[in-house]
file start.cif (mmCIF, C-alpha atoms)
data_start
loop_
_atom_site.label_atom_id
_atom_site.label_comp_id
_atom_site.auth_asym_id
_atom_site.auth_seq_id
_atom_site.Cartn_x
_atom_site.Cartn_y
_atom_site.Cartn_z
CA MET Q 120 0.00 0.00 0.00
CA ASP Q 121 1.39 3.44 -0.89
CA LYS Q 122 1.72 6.17 1.75
CA GLN Q 123 -1.23 8.14 0.46
CA SER Q 124 -3.56 5.15 0.79
CA ALA Q 125 -2.02 4.29 4.15
CA ILE Q 126 -2.67 7.82 5.44
CA CYS Q 127 -6.28 7.59 4.29
CA GLU Q 128 -6.83 4.23 5.95
CA TYR Q 129 -5.13 5.37 9.15
CA LEU Q 130 -7.27 8.51 9.43
CA LYS Q 131 -10.45 6.58 8.65
CA LYS Q 132 -9.67 3.90 11.23
CA HIS Q 133 -8.24 6.00 14.08
CA HIS Q 134 -9.25 9.62 13.50
CA THR Q 135 -12.85 9.81 12.30
CA GLY Q 136 -14.52 12.98 13.48
CA LYS Q 137 -13.17 16.32 14.63
CA ALA Q 138 -12.90 15.17 18.24
CA LYS Q 139 -10.28 12.61 17.17
CA ALA Q 140 -8.16 14.93 15.01
CA VAL Q 141 -4.42 14.25 14.80
CA TYR Q 142 -1.69 16.87 14.48
CA SER Q 143 0.25 16.86 11.23
CA ARG Q 144 3.55 16.33 13.07
CA GLU Q 145 2.27 13.01 14.37
CA LEU Q 146 1.32 11.94 10.84
CA GLN Q 147 4.68 13.11 9.52
CA GLN Q 148 6.53 10.99 12.06
CA LEU Q 149 4.27 7.99 11.64
CA PHE Q 150 4.59 7.94 7.83
CA CYS Q 151 8.18 9.27 7.64
CA ILE Q 152 7.33 12.25 5.43
CA ASP Q 153 7.80 15.99 5.72
CA GLY Q 154 4.98 18.50 6.09
CA ARG Q 155 4.99 19.54 2.45
CA ASN Q 156 4.59 15.96 1.22
CA LEU Q 157 1.89 15.28 3.80
CA ARG Q 158 -0.08 18.30 2.59
CA ARG Q 159 0.31 17.10 -1.02
CA LYS Q 160 -0.97 13.64 -0.16
CA ILE Q 161 -3.93 15.08 1.78
CA SER Q 162 -4.67 17.40 -1.14
CA ASN Q 163 -4.59 14.49 -3.59
CA LEU Q 164 -6.97 12.50 -1.41
CA ARG Q 165 -9.35 15.44 -1.27
CA LYS Q 166 -9.19 15.80 -5.07
CA GLU Q 167 -10.27 12.16 -5.29
CA GLY Q 168 -13.29 12.94 -3.11
CA VAL Q 169 -11.98 11.48 0.13
CA PRO Q 170 -13.47 13.49 3.03
CA ILE Q 171 -10.26 14.42 4.84
CA CYS Q 172 -10.92 17.50 6.98
CA SER Q 173 -8.65 19.77 8.95
CA ASP Q 174 -8.64 22.66 11.37
CA ALA Q 175 -6.40 23.99 14.14
CA THR Q 176 -6.62 20.63 15.92
CA GLY Q 177 -5.24 18.70 12.95
CA TYR Q 178 -6.43 16.29 10.26
CA TYR Q 179 -9.35 13.90 10.55
CA TYR Q 180 -11.65 11.78 8.42
CA ALA Q 181 -15.06 13.47 8.24
CA ASP Q 182 -17.81 12.04 10.38
CA ASN Q 183 -20.57 14.24 8.95
CA GLN Q 184 -21.41 16.90 6.36
CA LYS Q 185 -20.90 19.78 8.80
CA GLU Q 186 -17.25 18.83 9.25
CA ILE Q 187 -16.78 18.82 5.48
CA ASN Q 188 -18.55 22.18 5.14
CA ASP Q 189 -16.42 23.72 7.91
CA THR Q 190 -13.24 22.58 6.16
CA VAL Q 191 -14.42 23.92 2.80
CA CYS Q 192 -15.24 27.27 4.44
CA ARG Q 193 -11.79 27.39 6.05
CA MET Q 194 -10.15 26.61 2.71
CA ASN Q 195 -12.16 29.39 1.03
CA GLU Q 196 -10.88 31.84 3.65
CA LEU Q 197 -7.30 30.76 2.91
CA VAL Q 198 -7.85 31.18 -0.84
CA THR Q 199 -9.27 34.66 -0.24
CA THR Q 200 -6.28 35.65 1.89
CA ILE Q 201 -3.84 34.44 -0.76
CA SER Q 202 -5.81 36.20 -3.50
CA ASN Q 203 -5.74 39.45 -1.52
CA ALA Q 204 -1.97 39.15 -1.07
CA ARG Q 205 -1.52 38.51 -4.79
CA THR Q 206 -3.66 41.51 -5.67
CA GLY Q 207 -1.68 43.69 -3.26
CA LEU Q 208 1.56 42.63 -4.91
CA LEU Q 209 0.15 43.44 -8.34
CA PHE Q 210 -0.74 46.95 -7.15
CA ALA Q 211 2.70 47.31 -5.62
CA SER Q 212 4.31 46.46 -8.95
CA VAL Q 213 2.27 49.18 -10.67
CA LEU Q 214 2.74 51.85 -7.98
CA PRO Q 215 6.16 51.09 -6.45
CA ASP Q 216 7.23 54.62 -5.45
CA ARG Q 217 3.95 56.30 -4.59
CA GLY Q 218 3.64 55.01 -1.03
CA VAL Q 219 -0.02 54.29 -1.62
CA THR Q 220 -1.63 51.63 0.56
CA VAL Q 221 -4.31 49.66 -1.22
CA GLU Q 222 -6.47 47.02 0.43
CA VAL Q 223 -8.54 44.70 -1.72
CA THR Q 224 -10.90 42.15 -0.20
CA ILE Q 225 -12.49 39.36 -2.20
CA LYS Q 226 -15.12 37.31 -0.40
CA LEU Q 227 -16.23 33.91 -1.71
CA ASP Q 228 -19.52 32.64 -0.38
#
call {"tool": "encode", "arguments": {"input": "start.cif", "output": "structure tokens"}}
result
Amino acid sequence: MDKQSAICEYLKKHHTGKAKAVYSRELQQLFCIDGRNLRRKISNLRKEGVPICSDATGYYYADNQKEINDTVCRMNELVTTISNARTGLLFASVLPDRGVTVEVTIKLD
């Protein structure tokens, strides 16, 4: 079994539901991978439709639709923050010496 499948099976068996979330460092140690590779594997599982959720308490296999929705909402907030940073950098490249502060907020609902 590859590591990605092993991570999925481990989360499903031992960490179903938010109350049983596991910190990424524990998963990194258990599967001998670094944080970047763990995030890639989790992302790939999610792309395949596997309900792997996460929050400040760590990763977990979804127990219900609310947990999935909460994770999607959190991910949307992250995308918005990154988009705002990108937009700010674009403005900075156009107005480098003007000292103008521009704040752009994009909200995805």
call {"tool": "closest_atom_pairs", "arguments": {"input": "start.cif", "of": "stretch 170-196 of chain Q", "to": "stretch 145-156 of chain Q", "cutoff": "12 Å", "atoms": "all atoms listed in the file", "output": "CSV"}}
result
residue,atom,partner,partner_atom,distance
Q:Thr176,CA,Q:Glu145,CA,11.8
Q:Gly177,CA,Q:Glu145,CA,9.5
Q:Tyr178,CA,Q:Leu146,CA,8.9
Q:Tyr179,CA,Q:Leu146,CA,10.9
call {"tool": "atom_distance", "arguments": {"input": "start.cif", "atom1": "atom CA of Q:Tyr142", "atom2": "atom CA of Q:Leu227"}}
result
27.6 Å
call {"tool": "resolve_selection", "arguments": {"input": "start.cif", "expression": "the PyMOL selection byres ((chain Q and resi 160) around 12)", "output": "JSON, numbers by chain"}}
result
{"Q": [121, 122, 123, 124, 125, 126, 127, 143, 146, 147, 150, 152, 153, 154, 155, 156, 157, 158, 159, 161, 162, 163, 164, 165, 166, 167, 169, 171]}
call {"tool": "resolve_selection", "arguments": {"input": "start.cif", "expression": "the PyMOL selection byres ((chain Q and resi 191-205) around 10)", "output": "VMD selection string"}}
result
chain Q and resid 172 to 174 185 to 190 206 to 211 222 to 228
call {"tool": "decode", "arguments": {"input": "start.cif", "residues": "stretch 188-215 of chain Q", "atoms": "N, CA, C and O atoms", "output": "mmCIF file, in the first residue's frame"}}
result
data_model
loop_
_atom_site.group_PDB
_atom_site.id
_atom_site.type_symbol
_atom_site.label_atom_id
_atom_site.label_comp_id
_atom_site.auth_asym_id
_atom_site.auth_seq_id
_atom_site.Cartn_x
_atom_site.Cartn_y
_atom_site.Cartn_z
ATOM 1 N N ASN Q 188 -18.225 20.782 5.443
ATOM 2 C CA ASN Q 188 -18.552 22.178 5.143
ATOM 3 C C ASN Q 188 -17.624 23.148 5.883
ATOM 4 O O ASN Q 188 -17.203 24.161 5.318
ATOM 5 N N ASP Q 189 -17.325 22.859 7.131
ATOM 6 C CA ASP Q 189 -16.421 23.719 7.912
ATOM 7 C C ASP Q 189 -15.030 23.769 7.277
ATOM 8 O O ASP Q 189 -14.400 24.827 7.218
ATOM 9 N N THR Q 190 -14.553 22.622 6.800
ATOM 10 C CA THR Q 190 -13.235 22.583 6.164
ATOM 11 C C THR Q 190 -13.251 23.348 4.842
ATOM 12 O O THR Q 190 -12.314 24.103 4.552
ATOM 13 N N VAL Q 191 -14.313 23.190 4.063
ATOM 14 C CA VAL Q 191 -14.423 23.922 2.801
ATOM 15 C C VAL Q 191 -14.446 25.427 3.076
ATOM 16 O O VAL Q 191 -13.773 26.206 2.391
ATOM 17 N N CYS Q 192 -15.172 25.853 4.079
ATOM 18 C CA CYS Q 192 -15.241 27.271 4.440
ATOM 19 C C CYS Q 192 -13.857 27.785 4.834
ATOM 20 O O CYS Q 192 -13.438 28.860 4.403
ATOM 21 N N ARG Q 193 -13.146 27.012 5.636
ATOM 22 C CA ARG Q 193 -11.794 27.392 6.055
ATOM 23 C C ARG Q 193 -10.864 27.511 4.849
ATOM 24 O O ARG Q 193 -10.068 28.440 4.738
ATOM 25 N N MET Q 194 -10.977 26.580 3.916
ATOM 26 C CA MET Q 194 -10.148 26.610 2.710
ATOM 27 C C MET Q 194 -10.483 27.839 1.858
ATOM 28 O O MET Q 194 -9.589 28.475 1.300
ATOM 29 N N ASN Q 195 -11.761 28.186 1.765
ATOM 30 C CA ASN Q 195 -12.159 29.388 1.033
ATOM 31 C C ASN Q 195 -11.542 30.638 1.646
ATOM 32 O O ASN Q 195 -11.112 31.541 0.935
ATOM 33 N N GLU Q 196 -11.498 30.698 2.971
ATOM 34 C CA GLU Q 196 -10.878 31.837 3.652
ATOM 35 C C GLU Q 196 -9.390 31.920 3.318
ATOM 36 O O GLU Q 196 -8.854 33.010 3.100
ATOM 37 N N LEU Q 197 -8.722 30.775 3.264
ATOM 38 C CA LEU Q 197 -7.303 30.757 2.906
ATOM 39 C C LEU Q 197 -7.086 31.228 1.471
ATOM 40 O O LEU Q 197 -6.163 32.000 1.192
ATOM 41 N N VAL Q 198 -7.945 30.772 0.568
ATOM 42 C CA VAL Q 198 -7.848 31.183 -0.837
ATOM 43 C C VAL Q 198 -8.049 32.691 -0.948
ATOM 44 O O VAL Q 198 -7.325 33.376 -1.670
ATOM 45 N N THR Q 199 -9.015 33.226 -0.219
ATOM 46 C CA THR Q 199 -9.274 34.664 -0.237
ATOM 47 C C THR Q 199 -8.072 35.440 0.267
ATOM 48 O O THR Q 199 -7.670 36.451 -0.337
ATOM 49 N N THR Q 200 -7.459 34.985 1.343
ATOM 50 C CA THR Q 200 -6.282 35.650 1.892
ATOM 51 C C THR Q 200 -5.134 35.654 0.889
ATOM 52 O O THR Q 200 -4.467 36.675 0.684
ATOM 53 N N ILE Q 201 -4.902 34.532 0.240
ATOM 54 C CA ILE Q 201 -3.836 34.444 -0.764
ATOM 55 C C ILE Q 201 -4.151 35.336 -1.954
ATOM 56 O O ILE Q 201 -3.279 36.039 -2.473
ATOM 57 N N SER Q 202 -5.403 35.351 -2.384
ATOM 58 C CA SER Q 202 -5.806 36.199 -3.502
ATOM 59 C C SER Q 202 -5.596 37.675 -3.169
ATOM 60 O O SER Q 202 -5.124 38.449 -4.009
ATOM 61 N N ASN Q 203 -5.943 38.062 -1.944
ATOM 62 C CA ASN Q 203 -5.742 39.448 -1.520
ATOM 63 C C ASN Q 203 -4.264 39.813 -1.515
ATOM 64 O O ASN Q 203 -3.887 40.918 -1.918
ATOM 65 N N ALA Q 204 -3.412 38.906 -1.073
ATOM 66 C CA ALA Q 204 -1.966 39.148 -1.074
ATOM 67 C C ALA Q 204 -1.459 39.288 -2.505
ATOM 68 O O ALA Q 204 -0.648 40.173 -2.809
ATOM 69 N N ARG Q 205 -1.922 38.445 -3.392
ATOM 70 C CA ARG Q 205 -1.521 38.512 -4.793
ATOM 71 C C ARG Q 205 -1.943 39.843 -5.397
ATOM 72 O O ARG Q 205 -1.159 40.516 -6.076
ATOM 73 N N THR Q 206 -3.167 40.248 -5.136
ATOM 74 C CA THR Q 206 -3.665 41.514 -5.665
ATOM 75 C C THR Q 206 -2.842 42.686 -5.128
ATOM 76 O O THR Q 206 -2.489 43.603 -5.873
ATOM 77 N N GLY Q 207 -2.511 42.641 -3.850
ATOM 78 C CA GLY Q 207 -1.678 43.687 -3.264
ATOM 79 C C GLY Q 207 -0.320 43.778 -3.932
ATOM 80 O O GLY Q 207 0.194 44.876 -4.197
ATOM 81 N N LEU Q 208 0.266 42.632 -4.224
ATOM 82 C CA LEU Q 208 1.562 42.631 -4.913
ATOM 83 C C LEU Q 208 1.440 43.187 -6.331
ATOM 84 O O LEU Q 208 2.338 43.896 -6.804
ATOM 85 N N LEU Q 209 0.359 42.891 -6.999
ATOM 86 C CA LEU Q 209 0.146 43.440 -8.343
ATOM 87 C C LEU Q 209 0.051 44.964 -8.288
ATOM 88 O O LEU Q 209 0.640 45.659 -9.115
ATOM 89 N N PHE Q 210 -0.673 45.499 -7.308
ATOM 90 C CA PHE Q 210 -0.745 46.947 -7.153
ATOM 91 C C PHE Q 210 0.621 47.524 -6.816
ATOM 92 O O PHE Q 210 0.993 48.586 -7.304
ATOM 93 N N ALA Q 211 1.376 46.822 -5.991
ATOM 94 C CA ALA Q 211 2.700 47.305 -5.617
ATOM 95 C C ALA Q 211 3.614 47.374 -6.832
ATOM 96 O O ALA Q 211 4.449 48.268 -6.940
ATOM 97 N N SER Q 212 3.450 46.451 -7.761
ATOM 98 C CA SER Q 212 4.311 46.459 -8.947
ATOM 99 C C SER Q 212 3.944 47.606 -9.886
ATOM 100 O O SER Q 212 4.781 48.088 -10.637
ATOM 101 N N VAL Q 213 2.716 48.069 -9.828
ATOM 102 C CA VAL Q 213 2.274 49.178 -10.674
ATOM 103 C C VAL Q 213 2.596 50.522 -10.029
ATOM 104 O O VAL Q 213 2.933 51.486 -10.705
ATOM 105 N N LEU Q 214 2.532 50.592 -8.714
ATOM 106 C CA LEU Q 214 2.740 51.845 -7.983
ATOM 107 C C LEU Q 214 3.879 51.714 -6.974
ATOM 108 O O LEU Q 214 3.692 51.936 -5.789
ATOM 109 N N PRO Q 215 5.098 51.389 -7.406
ATOM 110 C CA PRO Q 215 6.157 51.094 -6.446
ATOM 111 C C PRO Q 215 6.651 52.290 -5.629
ATOM 112 O O PRO Q 215 7.036 52.130 -4.491
#
